[in-house]
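Student: Structure file my_file.cif (mmCIF, C-alpha atoms) right here:
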data_query
#
loop_
_atom_site.label_atom_id
_atom_site.label_comp_id
_atom_site.auth_asym_id
_atom_site.auth_seq_id
_atom_site.Cartn_x
_atom_site.Cartn_y
_atom_site.Cartn_z
CA MET A 30 0.00 0.00 0.00
CA ASP A 31 1.26 3.50 -0.80
CA ALA A 32 2.33 5.83 1.94
CA VAL A 33 -0.43 8.03 3.34
CA LYS A 34 -0.54 11.50 1.84
CA VAL A 35 0.68 14.11 4.31
CA ILE A 36 -0.31 17.75 3.83
CA GLU A 37 1.67 20.42 5.67
CA ILE A 38 -0.94 23.00 6.59
CA LYS A 39 0.05 26.66 6.33
CA LYS A 40 -1.18 29.37 8.64
CA SER A 41 -4.26 31.17 7.35
CA VAL A 42 -4.08 34.67 5.97
CA PHE A 43 -7.84 35.33 6.09
CA ALA A 44 -8.95 37.93 8.58
CA ASP A 45 -12.55 36.80 8.87
CA ASN A 46 -12.72 33.10 9.59
CA ASP A 47 -16.50 33.07 10.13
CA GLU A 48 -17.05 34.49 6.66
CA ASP A 49 -14.58 32.07 5.13
CA ALA A 50 -16.21 29.13 6.93
CA ALA A 51 -19.67 30.13 5.67
CA LYS A 52 -18.26 30.33 2.14
CA LEU A 53 -16.69 26.87 2.43
CA ARG A 54 -19.96 25.41 3.76
CA LYS A 55 -21.83 26.87 0.80
CA GLU A 56 -19.33 25.35 -1.66
CA LEU A 57 -19.67 21.97 0.04
CA LYS A 58 -23.48 22.22 -0.14
CA GLN A 59 -23.24 22.86 -3.89
CA LYS A 60 -21.01 19.81 -4.30
CA GLY A 61 -23.25 17.68 -2.08
CA VAL A 62 -20.40 16.96 0.32
CA TYR A 63 -21.10 16.78 4.07
CA LEU A 64 -18.18 17.79 6.31
CA LEU A 65 -18.17 16.60 9.93
CA ASN A 66 -15.72 18.20 12.39
CA LEU A 67 -14.84 15.68 15.11
CA MET A 68 -13.15 16.97 18.24
CA SER A 69 -12.01 15.61 21.61
CA SER A 70 -9.23 15.48 24.19
CA PRO A 71 -6.12 13.45 23.42
CA GLY A 72 -6.79 9.75 23.90
CA SER A 73 -10.59 9.80 23.99
CA GLY A 74 -10.82 7.26 21.18
CA LYS A 75 -11.53 9.38 18.08
CA THR A 76 -9.64 7.09 15.71
CA THR A 77 -11.08 3.83 17.07
CA THR A 78 -14.59 5.31 16.93
CA LEU A 79 -14.03 6.46 13.35
CA ILE A 80 -12.88 3.02 12.24
CA ARG A 81 -16.05 1.40 13.67
CA LEU A 82 -18.24 4.12 12.22
CA ILE A 83 -16.71 4.03 8.75
CA ASN A 84 -16.94 0.26 8.53
CA LEU A 85 -20.68 0.53 9.25
CA LEU A 86 -21.22 3.26 6.64
CA LYS A 87 -18.73 2.72 3.84
CA ASP A 88 -21.00 0.47 1.75
CA ARG A 89 -23.82 3.00 1.94
CA ILE A 90 -22.06 6.32 1.37
CA ARG A 91 -18.68 7.35 0.02
CA ILE A 92 -16.39 8.57 2.80
CA ALA A 93 -12.99 10.26 3.08
CA VAL A 94 -11.08 11.17 6.24
CA MET A 95 -8.70 14.02 7.05
CA GLU A 96 -6.63 13.42 10.17
CA ALA A 97 -5.21 16.56 11.71
CA ASP A 98 -2.24 16.13 13.99
CA ILE A 99 0.67 18.19 15.15
CA ASP A 100 3.20 16.02 13.41
CA SER A 101 2.62 12.27 13.34
CA ASP A 102 0.77 10.24 10.71
CA VAL A 103 -0.19 7.19 12.77
CA ASP A 104 -3.92 7.95 12.66
CA ALA A 105 -4.25 8.32 8.91
CA VAL A 106 -2.36 5.07 8.39
CA LYS A 107 -4.55 3.27 10.96
CA ILE A 108 -7.77 4.52 9.37
CA ARG A 109 -6.76 3.52 5.88
CA GLU A 110 -5.50 0.10 6.92
CA ALA A 111 -8.64 -0.66 8.95
CA THR A 112 -11.26 0.69 6.53
CA GLY A 113 -9.68 0.97 3.07
CA ILE A 114 -11.15 4.43 2.54
CA PRO A 115 -9.11 7.47 1.36
CA SER A 116 -7.40 9.05 4.35
CA ILE A 117 -4.98 11.95 4.38
CA GLN A 118 -2.92 13.41 7.17
CA LEU A 119 -2.88 17.14 7.88
CA HIS A 120 0.14 18.39 9.79
CA THR A 121 -0.60 21.60 11.65
CA GLY A 122 3.08 22.26 12.43
CA GLY A 123 2.39 22.82 16.12
CA MET A 124 -0.85 24.74 15.64
CA CYS A 125 -3.54 23.73 18.10
CA HIS A 126 -6.61 23.94 15.87
CA LEU A 127 -7.84 24.13 12.29
CA ASP A 128 -9.80 27.05 10.86
CA ALA A 129 -11.75 27.15 7.60
CA GLU A 130 -8.81 28.03 5.38
CA MET A 131 -6.68 25.27 6.90
CA THR A 132 -9.56 22.83 6.39
CA ARG A 133 -9.79 23.96 2.77
CA GLN A 134 -6.09 23.20 2.27
CA GLY A 135 -6.90 19.66 3.32
CA LEU A 136 -10.04 19.40 1.17
CA ASP A 137 -8.02 20.45 -1.88
CA ASN A 138 -6.40 17.02 -1.59
CA VAL A 139 -9.64 15.04 -1.35
CA PRO A 140 -11.44 13.93 -4.58
CA LEU A 141 -14.71 15.66 -3.62
CA ASP A 142 -16.55 14.57 -6.78
CA GLY A 143 -16.61 11.00 -5.55
CA VAL A 144 -17.33 11.63 -1.88
CA ASP A 145 -20.53 12.15 0.17
CA LEU A 146 -18.98 12.57 3.60
CA VAL A 147 -15.64 13.97 4.73
CA ILE A 148 -14.76 13.51 8.38
CA LEU A 149 -12.20 15.90 9.81
CA GLU A 150 -10.51 14.53 12.92
CA ASN A 151 -9.40 17.78 14.55
CA VAL A 152 -6.35 18.20 16.84
CA GLY A 153 -6.83 16.57 20.28
CA ASN A 154 -7.73 19.59 22.39
CA LEU A 155 -10.93 20.73 24.15
CA VAL A 156 -10.09 24.42 24.04
CA CYS A 157 -8.81 25.95 20.82
CA PRO A 158 -10.58 23.92 18.11
CA ALA A 159 -13.90 25.11 19.60
CA GLU A 160 -13.01 28.70 18.76
CA PHE A 161 -12.72 28.25 15.01
CA ASP A 162 -15.50 27.38 12.59
CA THR A 163 -13.93 24.91 10.15
CA GLY A 164 -16.74 25.19 7.61
CA ALA A 165 -18.17 21.84 8.74
CA VAL A 166 -21.91 21.19 8.54
CA ARG A 167 -21.85 19.88 12.13
CA ASN A 168 -19.48 19.66 15.05
CA ALA A 169 -19.30 16.44 17.03
CA MET A 170 -17.13 15.60 19.99
CA ILE A 171 -16.11 12.57 21.98
CA LEU A 172 -15.81 12.66 25.75
CA SER A 173 -14.47 9.46 27.25
CA VAL A 174 -15.57 8.08 30.62
CA PRO A 175 -12.12 8.34 32.27
CA GLU A 176 -12.08 12.10 31.63
CA GLY A 177 -15.00 12.61 34.03
CA HIS A 178 -18.59 13.83 33.75
CA ASP A 179 -17.70 17.38 34.86
CA LYS A 180 -16.00 18.35 31.58
CA PRO A 181 -18.98 20.35 30.18
CA LEU A 182 -18.58 22.63 33.20
CA LYS A 183 -14.88 23.14 32.56
CA TYR A 184 -14.82 23.42 28.76
CA PRO A 185 -18.08 25.29 28.12
CA LEU A 186 -17.42 26.54 24.59
CA MET A 187 -16.59 23.09 23.22
CA PHE A 188 -19.82 21.60 24.53
CA SER A 189 -21.91 24.57 23.44
CA ILE A 190 -20.87 24.28 19.78
CA CYS A 191 -21.29 20.50 19.42
CA ASP A 192 -24.50 18.98 18.07
CA MET A 193 -23.43 15.45 18.98
CA VAL A 194 -21.60 14.51 22.18
CA VAL A 195 -20.43 10.90 22.06
CA ILE A 196 -19.54 9.38 25.44
CA ASN A 197 -16.91 6.72 24.73
CA LYS A 198 -15.34 3.93 26.80
CA MET A 199 -18.63 3.05 28.49
CA ASP A 200 -17.15 -0.44 29.08
CA VAL A 201 -14.87 0.93 31.81
CA ALA A 202 -17.60 2.95 33.55
CA PRO A 203 -17.64 0.50 36.51
CA TYR A 204 -14.03 1.47 37.31
CA PHE A 205 -14.56 5.25 37.27
CA ASP A 206 -16.85 7.66 39.14
CA PHE A 207 -18.61 8.68 35.94
CA ASP A 208 -22.24 9.76 36.30
CA LEU A 209 -23.90 9.60 32.87
CA GLU A 210 -27.04 11.42 34.02
CA LYS A 211 -25.03 14.27 35.49
CA CYS A 212 -23.04 14.43 32.29
CA ARG A 213 -26.25 14.67 30.23
CA GLU A 214 -27.46 17.44 32.53
CA TYR A 215 -24.19 19.41 32.21
CA VAL A 216 -24.22 19.04 28.41
CA ARG A 217 -27.82 20.32 28.33
CA LEU A 218 -26.75 23.36 30.35
CA ARG A 219 -24.29 24.22 27.59
CA ASN A 220 -26.39 23.21 24.62
CA PRO A 221 -29.99 22.03 25.01
CA ARG A 222 -30.05 20.81 21.39
CA ALA A 223 -27.03 18.54 21.66
CA LYS A 224 -27.53 14.78 21.45
CA VAL A 225 -25.64 12.68 23.99
CA LEU A 226 -24.81 9.17 22.83
CA PRO A 227 -22.99 6.61 25.04
CA ILE A 228 -20.88 4.13 23.09
CA CYS A 229 -17.97 1.73 23.41
CA ALA A 230 -15.76 1.99 20.35
CA LYS A 231 -13.73 -1.03 21.49
CA THR A 232 -16.73 -3.41 21.40
CA GLY A 233 -18.80 -1.43 18.91
CA GLU A 234 -21.73 -0.94 21.31
CA GLY A 235 -23.77 2.14 20.43
CA VAL A 236 -21.81 2.93 17.26
CA GLU A 237 -24.76 1.90 15.08
CA ALA A 238 -26.86 4.71 16.57
CA LEU A 239 -24.05 7.12 15.73
CA ALA A 240 -23.94 5.77 12.16
CA ASP A 241 -27.73 6.18 11.83
CA TRP A 242 -27.54 9.79 13.01
CA LEU A 243 -24.73 10.59 10.59
CA LEU A 244 -26.40 8.86 7.67
CA GLY A 245 -29.56 10.90 8.28
CA GLU A 246 -27.47 14.05 8.44
CA VAL A 247 -25.63 13.33 5.19
CA ARG A 248 -28.85 12.46 3.32
CA ALA A 249 -30.63 15.60 4.52
CA TRP A 250 -27.64 17.72 3.44
CA LYS A 251 -27.67 16.26 -0.07
CA GLU A 252 -31.38 16.92 -0.65
CA MET B 22 -15.39 28.80 54.73
CA ASP B 23 -14.98 31.89 52.56
CA ALA B 24 -15.47 31.67 48.83
CA VAL B 25 -12.35 30.85 46.87
CA LYS B 26 -10.62 33.88 45.39
CA VAL B 27 -11.13 34.06 41.65
CA ILE B 28 -8.72 36.11 39.54
CA GLU B 29 -9.78 37.09 36.03
CA ILE B 30 -6.57 36.90 34.02
CA LYS B 31 -5.99 39.54 31.38
CA LYS B 32 -4.23 38.95 28.10
CA SER B 33 -0.51 39.71 28.26
CA VAL B 34 0.95 42.75 26.61
CA PHE B 35 4.57 41.59 26.73
CA ALA B 36 6.16 40.86 23.39
CA ASP B 37 8.93 38.64 24.68
CA ASN B 38 7.50 35.93 26.91
CA ASP B 39 10.80 34.06 27.27
CA GLU B 40 12.48 37.14 28.67
CA ASP B 41 9.57 37.84 30.99
CA ALA B 42 9.56 34.22 32.20
CA ALA B 43 13.30 34.34 32.96
CA LYS B 44 12.75 37.54 34.94
CA LEU B 45 9.91 35.98 36.93
CA ARG B 46 12.03 32.89 37.68
CA LYS B 47 14.83 35.14 38.97
CA GLU B 48 12.42 37.01 41.26
CA LEU B 49 11.08 33.71 42.60
CA LYS B 50 14.65 32.52 43.24
CA GLN B 51 15.36 35.66 45.27
CA LYS B 52 12.21 35.07 47.32
CA GLY B 53 13.00 31.37 47.78
CA VAL B 54 9.72 30.36 46.14
CA TYR B 55 9.62 27.29 43.90
CA LEU B 56 7.00 27.38 41.14
CA LEU B 57 5.89 24.10 39.55
CA ASN B 58 3.89 24.20 36.32
CA LEU B 59 1.63 21.14 36.14
CA MET B 60 0.05 20.29 32.79
CA SER B 61 -2.10 17.52 31.30
CA SER B 62 -5.12 16.69 29.15
CA PRO B 63 -8.58 17.31 30.57
CA GLY B 64 -9.52 14.59 33.03
CA SER B 65 -6.08 13.05 33.62
CA GLY B 66 -6.39 13.52 37.38
CA LYS B 67 -4.36 16.69 38.08
CA THR B 68 -6.55 17.83 40.96
CA THR B 69 -6.79 14.42 42.64
CA THR B 70 -3.01 13.99 42.33
CA LEU B 71 -2.43 17.44 43.80
CA ILE B 72 -4.65 16.71 46.81
CA ARG B 73 -2.66 13.53 47.59
CA LEU B 74 0.64 15.27 47.00
CA ILE B 75 -0.17 18.33 49.12
CA ASN B 76 -1.42 16.23 52.02
CA LEU B 77 1.93 14.40 52.03
CA LEU B 78 3.95 17.63 51.92
CA LYS B 79 1.99 20.31 53.74
CA ASP B 80 3.53 19.64 57.18
CA ARG B 81 7.04 19.83 55.73
CA ILE B 82 6.84 22.85 53.40
CA ARG B 83 4.41 25.75 52.94
CA ILE B 84 2.36 25.34 49.78
CA ALA B 85 -0.08 27.42 47.75
CA VAL B 86 -1.99 26.40 44.63
CA MET B 87 -3.16 28.38 41.60
CA GLU B 88 -5.82 26.59 39.57
CA ALA B 89 -6.12 27.83 36.01
CA ASP B 90 -9.37 27.12 34.25
CA ILE B 91 -11.37 28.62 31.45
CA ASP B 92 -14.21 29.62 33.72
CA SER B 93 -15.17 27.28 36.56
CA ASP B 94 -13.81 27.29 40.12
CA VAL B 95 -14.52 23.69 41.09
CA ASP B 96 -10.85 22.74 41.32
CA ALA B 97 -9.75 25.54 43.65
CA VAL B 98 -12.65 24.77 45.98
CA LYS B 99 -11.83 21.03 45.93
CA ILE B 100 -8.16 21.64 46.71
CA ARG B 101 -8.87 23.97 49.60
CA GLU B 102 -11.52 21.74 51.10
CA ALA B 103 -9.35 18.63 50.86
CA THR B 104 -6.04 20.12 51.99
CA GLY B 105 -6.74 23.38 53.85
CA ILE B 106 -3.96 25.19 51.97
CA PRO B 107 -4.38 28.55 50.19
CA SER B 108 -5.82 27.98 46.75
CA ILE B 109 -6.88 30.56 44.20
CA GLN B 110 -8.65 30.19 40.89
CA LEU B 111 -7.33 31.84 37.75
CA HIS B 112 -9.88 32.36 35.00
CA THR B 113 -8.30 32.59 31.58
CA GLY B 114 -11.48 33.84 29.92
CA GLY B 115 -11.30 31.25 27.16
CA MET B 116 -7.52 31.43 26.70
CA CYS B 117 -5.93 28.03 26.26
CA HIS B 118 -2.70 28.53 28.18
CA LEU B 119 -0.86 30.74 30.67
CA ASP B 120 2.27 32.67 29.89
CA ALA B 121 4.65 34.33 32.35
CA GLU B 122 2.73 37.59 32.68
CA MET B 123 -0.55 35.75 33.25
CA THR B 124 1.18 33.59 35.88
CA ARG B 125 2.48 36.75 37.53
CA GLN B 126 -1.08 38.12 37.73
CA GLY B 127 -1.93 35.01 39.75
CA LEU B 128 1.19 35.19 41.93
CA ASP B 129 0.31 38.78 42.87
CA ASN B 130 -2.56 37.23 44.83
CA VAL B 131 -0.44 34.66 46.69
CA PRO B 132 1.31 35.64 49.98
CA LEU B 133 4.77 34.67 48.70
CA ASP B 134 6.56 35.60 51.94
CA GLY B 135 4.98 32.65 53.69
CA VAL B 136 5.25 30.08 50.90
CA ASP B 137 7.98 27.66 49.74
CA LEU B 138 6.14 26.04 46.85
CA VAL B 139 3.49 27.33 44.47
CA ILE B 140 1.87 24.77 42.21
CA LEU B 141 0.25 26.10 39.05
CA GLU B 142 -2.35 23.75 37.62
CA ASN B 143 -2.37 24.86 34.02
CA VAL B 144 -5.34 24.65 31.60
CA GLY B 145 -6.15 21.05 30.56
CA ASN B 146 -4.54 20.93 27.13
CA LEU B 147 -1.52 19.07 25.71
CA VAL B 148 -0.81 21.59 22.98
CA CYS B 149 -0.80 25.28 23.81
CA PRO B 150 0.50 25.36 27.41
CA ALA B 151 3.69 23.68 26.16
CA GLU B 152 4.45 26.69 23.98
CA PHE B 153 4.67 29.26 26.77
CA ASP B 154 7.28 29.41 29.53
CA THR B 155 5.30 30.35 32.66
CA GLY B 156 8.39 31.26 34.70
CA ALA B 157 8.15 27.95 36.58
CA VAL B 158 11.31 26.27 37.87
CA ARG B 159 10.13 22.96 36.41
CA ASN B 160 7.39 21.65 34.16
CA ALA B 161 5.61 18.46 35.11
CA MET B 162 2.81 16.68 33.35
CA ILE B 163 0.34 13.91 34.00
CA LEU B 164 -0.54 11.37 31.34
CA SER B 165 -3.29 8.98 32.39
CA VAL B 166 -3.44 5.33 31.32
CA PRO B 167 -6.75 5.65 29.39
CA GLU B 168 -5.18 8.29 27.11
CA GLY B 169 -2.78 5.71 25.68
CA HIS B 170 0.99 5.20 25.64
CA ASP B 171 1.39 6.79 22.19
CA LYS B 172 0.81 10.36 23.37
CA PRO B 173 4.53 11.35 23.42
CA LEU B 174 4.53 10.64 19.66
CA LYS B 175 1.51 12.85 19.06
CA TYR B 176 2.22 15.78 21.40
CA PRO B 177 6.01 16.02 21.08
CA LEU B 178 6.55 19.54 22.44
CA MET B 179 4.67 18.88 25.69
CA PHE B 180 6.78 15.82 26.46
CA SER B 181 10.02 17.49 25.44
CA ILE B 182 9.63 20.36 27.93
CA CYS B 183 8.58 18.28 30.96
CA ASP B 184 11.12 17.12 33.55
CA MET B 185 8.61 14.86 35.27
CA VAL B 186 6.04 12.73 33.47
CA VAL B 187 3.58 11.21 35.94
CA ILE B 188 1.58 8.25 34.60
CA ASN B 189 -1.71 8.27 36.50
CA LYS B 190 -4.61 5.79 36.82
CA MET B 191 -2.28 2.78 36.92
CA ASP B 192 -5.09 0.94 38.74
CA VAL B 193 -7.09 0.66 35.52
CA ALA B 194 -4.13 -0.50 33.40
CA PRO B 195 -5.59 -4.05 33.16
CA TYR B 196 -8.61 -2.66 31.27
CA PHE B 197 -6.64 -0.67 28.69
CA ASP B 198 -3.95 -1.53 26.14
CA PHE B 199 -1.38 0.67 27.87
CA ASP B 200 2.25 -0.39 27.51
CA LEU B 201 4.30 1.33 30.23
CA GLU B 202 7.64 0.30 28.74
CA LYS B 203 6.69 1.66 25.32
CA CYS B 204 5.51 4.85 26.99
CA ARG B 205 8.87 5.23 28.79
CA GLU B 206 10.65 4.69 25.47
CA TYR B 207 8.51 7.33 23.68
CA VAL B 208 9.05 9.84 26.51
CA ARG B 209 12.83 9.22 26.29
CA LEU B 210 12.69 9.94 22.55
CA ARG B 211 11.27 13.39 23.34
CA ASN B 212 13.34 14.09 26.45
CA PRO B 213 16.05 11.72 27.66
CA ARG B 214 16.27 13.60 31.00
CA ALA B 215 12.59 13.29 31.92
CA LYS B 216 11.61 11.11 34.84
CA VAL B 217 8.64 8.79 34.31
CA LEU B 218 6.71 7.95 37.46
CA PRO B 219 3.68 5.60 37.48
CA ILE B 220 1.12 6.41 40.19
CA CYS B 221 -2.50 5.94 41.16
CA ALA B 222 -3.85 9.16 42.64
CA LYS B 223 -7.08 7.41 43.66
CA THR B 224 -5.30 4.93 45.96
CA GLY B 225 -2.20 7.04 46.62
CA GLU B 226 0.20 4.46 45.18
CA GLY B 227 3.41 6.07 43.92
CA VAL B 228 2.52 9.57 45.13
CA GLU B 229 5.15 9.38 47.87
CA ALA B 230 7.89 9.10 45.24
CA LEU B 231 6.46 12.19 43.56
CA ALA B 232 6.45 14.02 46.91
CA ASP B 233 10.09 13.03 47.53
CA TRP B 234 11.12 14.33 44.11
CA LEU B 235 9.32 17.62 44.62
CA LEU B 236 10.67 18.07 48.16
CA GLY B 237 14.21 17.58 46.86
CA GLU B 238 13.55 20.08 44.09
CA VAL B 239 12.17 22.74 46.46
CA ARG B 240 15.05 22.32 48.94
CA ALA B 241 17.68 22.57 46.20
CA TRP B 242 16.02 25.74 44.85
CA LYS B 243 16.08 27.41 48.25
CA GLU B 244 19.79 26.74 48.85
#
Would you put the structure from the file into structure tokens?
Tutor:
Amino acid sequence: MDAVKVIEIKKSVFADNDEDAAKLRKELKQKGVYLLNLMSSPGSGKTTTLIRLINLLKDRIRIAVMEADIDSDVDAVKIREATGIPSIQLHTGGMCHLDAEMTRQGLDNVPLDGVDLVILENVGNLVCPAEFDTGAVRNAMILSVPEGHDKPLKYPLMFSICDMVVINKMDVAPYFDFDLEKCREYVRLRNPRAKVLPICAKTGEGVEALADWLLGEVRAWKE
Amino acid sequence: MDAVKVIEIKKSVFADNDEDAAKLRKELKQKGVYLLNLMSSPGSGKTTTLIRLINLLKDRIRIAVMEADIDSDVDAVKIREATGIPSIQLHTGGMCHLDAEMTRQGLDNVPLDGVDLVILENVGNLVCPAEFDTGAVRNAMILSVPEGHDKPLKYPLMFSICDMVVINKMDVAPYFDFDLEKCREYVRLRNPRAKVLPICAKTGEGVEALADWLLGEVRAWKE
């Protein structure tokens, strides 16, 4: 198998990211491409969740993945090996987030004509990525059980901008003081519209519900 | 008990943070105050580790804590209730890190004449805090088992600037694919001088070794 394509992302020169993001979203709408921005802390299980999710969806819609990382390419390689779908690596060169122009630099390397869904795995960070609209149709995030149910209180912006909050590693809940109901309540405080979906990416439990949500999203976007 | 003091941190105006940090470190040396900058991902167990650590050290040295957070004060309250030591909350107002001037704004609210050790609990983030020298004598970080042993590969700068890498939540190691030896090897790649110390803040296992290290550090700084 060929080496994974690695794109070195350059710093944006655009002054108005919100405007640029809206423009990118409009272009994606015209092309019928749904962009999902997936965020989380380091180690919450983004890549494992994506592999499960893609394997459930790849025969129904055409998917590509952009993996943003400070400088490794382990995730893009993992995704491609485990799912066979096109996966590219975006190197942020130390930058802690992606904005719309940086996302566009990645999308320029994805064959958008043959793709329904592009998933952007953002840099592992609950702070900075929340501040920049990437141009995605929706923001989703993963919070894992070991991180604790109080995170919506401590990282308010992240939770307020996400439409889907996936709670991963539910299999280890018995070993942690994680209160799912409290977590739901704290998420609601930040964003009453957000869905909260408990899963276990390791066993696959709950990932089908996530796939159903995303499939519905992609189909609605293409109408 | 009185409410915890909350300091709203303002954005720095200094152009040269490295110079400012060196100046702050020199002032702390003159006052005989050791500043430790503690970093990690969200939910790695910084606060629980600090409570254990402080309770082991508080009869031997005088300690104060500054808890940096985007906008909650749960950690400062927890620390004070569990240890009885002075603890203040720094609100970064959405900012993802602290630099030297922001740290100084916090220190202005700590009675430095009666303190040997100030511990700064930085914002939960493996990216941005690594880029700014806070003026601390040493940087320490906590990586928790559920985050995975590959994190030194993915967040190279953070691991390269830390002198102490604490591996927390060792009690749940049997439920995760965490390879401690690989983790040690990856940390060494980033920083051959860094110490790697496995602990369990929940049970207290290993925290004494961390206390011994820190006590030695503080005493050497005051000589």
Student: Return as a list in words the residues belonging to chain A that are within 7 Å of chain B, counting all atoms listed in the file.
Tutor: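 Taking all atoms listed in the file into account, Ser70, Pro71, Gly72, Ser73, Ile99, Asp100, Ser101, Cys125, Asn154, Val156, Cys157, Pro175, Glu176, Gly177, Leu182, Lys183 and Tyr184 of chain A sit within 7 Å of chain B.
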Student: Taking the file as shown, what set of residues would the PyMOL selection byres ((chain B and resi 71-86) around 8) give back, as a count of residues only?
Tutor: 30
Student: Run the PyMOL selection byres ((chain A and resi 132-136) around 9) on the file and write out the hits as a list of chain:residue names.
Tutor: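 Answer for the PyMOL selection byres ((chain A and resi 132-136) around 9): A:Ile36, A:Glu37, A:Ile38, A:Lys39, A:Leu53, A:Met95, A:Ile117, A:Gln118, A:Leu119, A:Leu127, A:Asp128, A:Ala129, A:Glu130, A:Met131, A:Asp137, A:Asn138, A:Val139, A:Pro140, A:Leu141, A:Val147, A:Leu149, A:Thr163, A:Gly164, A:Ala165.
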Student: Give me, please, the distance in Å between CA of Glu102 in chain B and CA of Gly114 in chain B, quoted to one decimal.
Tutor: 24.4 Å
Student: Could you check the closest approach to Ile188 in chain B for each of B:Ala230, B:Cys204, B:Ile163, B:Val25 and tell me which residue wins, using all atoms listed in the file?
Tutor: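 For Ile188 in chain B, the nearest of the given residues is B:Ile163.
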Student: Could you write range 56-61 of chain A as a tab-separated table (two decimals), in the frame of the given file, with all heavy atoms rebuilt where they are missing?
Tutor:
chain	number	residue	atom	x	y	z
A	56	GLU	N	-19.96	26.12	-0.57
A	56	GLU	CA	-19.33	25.35	-1.66
A	56	GLU	C	-19.58	23.85	-1.48
A	56	GLU	O	-19.86	23.13	-2.44
A	56	GLU	CB	-17.82	25.60	-1.68
A	56	GLU	CG	-17.42	27.00	-2.13
A	56	GLU	CD	-15.96	27.33	-1.76
A	56	GLU	OE1	-15.18	26.38	-1.49
A	56	GLU	OE2	-15.64	28.53	-1.73
A	57	LEU	N	-19.47	23.39	-0.24
A	57	LEU	CA	-19.67	21.97	0.04
A	57	LEU	C	-21.12	21.57	-0.23
A	57	LEU	O	-21.40	20.50	-0.77
A	57	LEU	CB	-19.28	21.65	1.50
A	57	LEU	CG	-17.78	21.73	1.79
A	57	LEU	CD1	-17.52	21.64	3.30
A	57	LEU	CD2	-17.00	20.64	1.07
A	58	LYS	N	-22.05	22.47	0.12
A	58	LYS	CA	-23.48	22.22	-0.14
A	58	LYS	C	-23.72	22.04	-1.65
A	58	LYS	O	-24.42	21.12	-2.08
A	58	LYS	CB	-24.29	23.40	0.41
A	58	LYS	CG	-25.78	23.32	0.16
A	58	LYS	CD	-26.48	22.36	1.12
A	58	LYS	CE	-27.97	22.24	0.84
A	58	LYS	NZ	-28.60	21.16	1.59
A	59	GLN	N	-23.09	22.95	-2.44
A	59	GLN	CA	-23.24	22.86	-3.89
A	59	GLN	C	-22.71	21.55	-4.45
A	59	GLN	O	-23.24	20.99	-5.39
A	59	GLN	CB	-22.55	24.05	-4.57
A	59	GLN	CG	-23.37	25.33	-4.47
A	59	GLN	CD	-22.55	26.58	-4.70
A	59	GLN	OE1	-21.32	26.52	-4.82
A	59	GLN	NE2	-23.23	27.73	-4.76
A	60	LYS	N	-21.62	21.07	-3.83
A	60	LYS	CA	-21.01	19.81	-4.30
A	60	LYS	C	-21.69	18.59	-3.69
A	60	LYS	O	-21.36	17.45	-4.03
A	60	LYS	CB	-19.52	19.80	-3.92
A	60	LYS	CG	-18.70	20.80	-4.72
A	60	LYS	CD	-17.21	20.62	-4.46
A	60	LYS	CE	-16.40	21.48	-5.40
A	60	LYS	NZ	-15.48	22.39	-4.71
A	61	GLY	N	-22.60	18.81	-2.74
A	61	GLY	CA	-23.25	17.68	-2.08
A	61	GLY	C	-22.31	16.91	-1.16
A	61	GLY	O	-22.45	15.69	-0.98
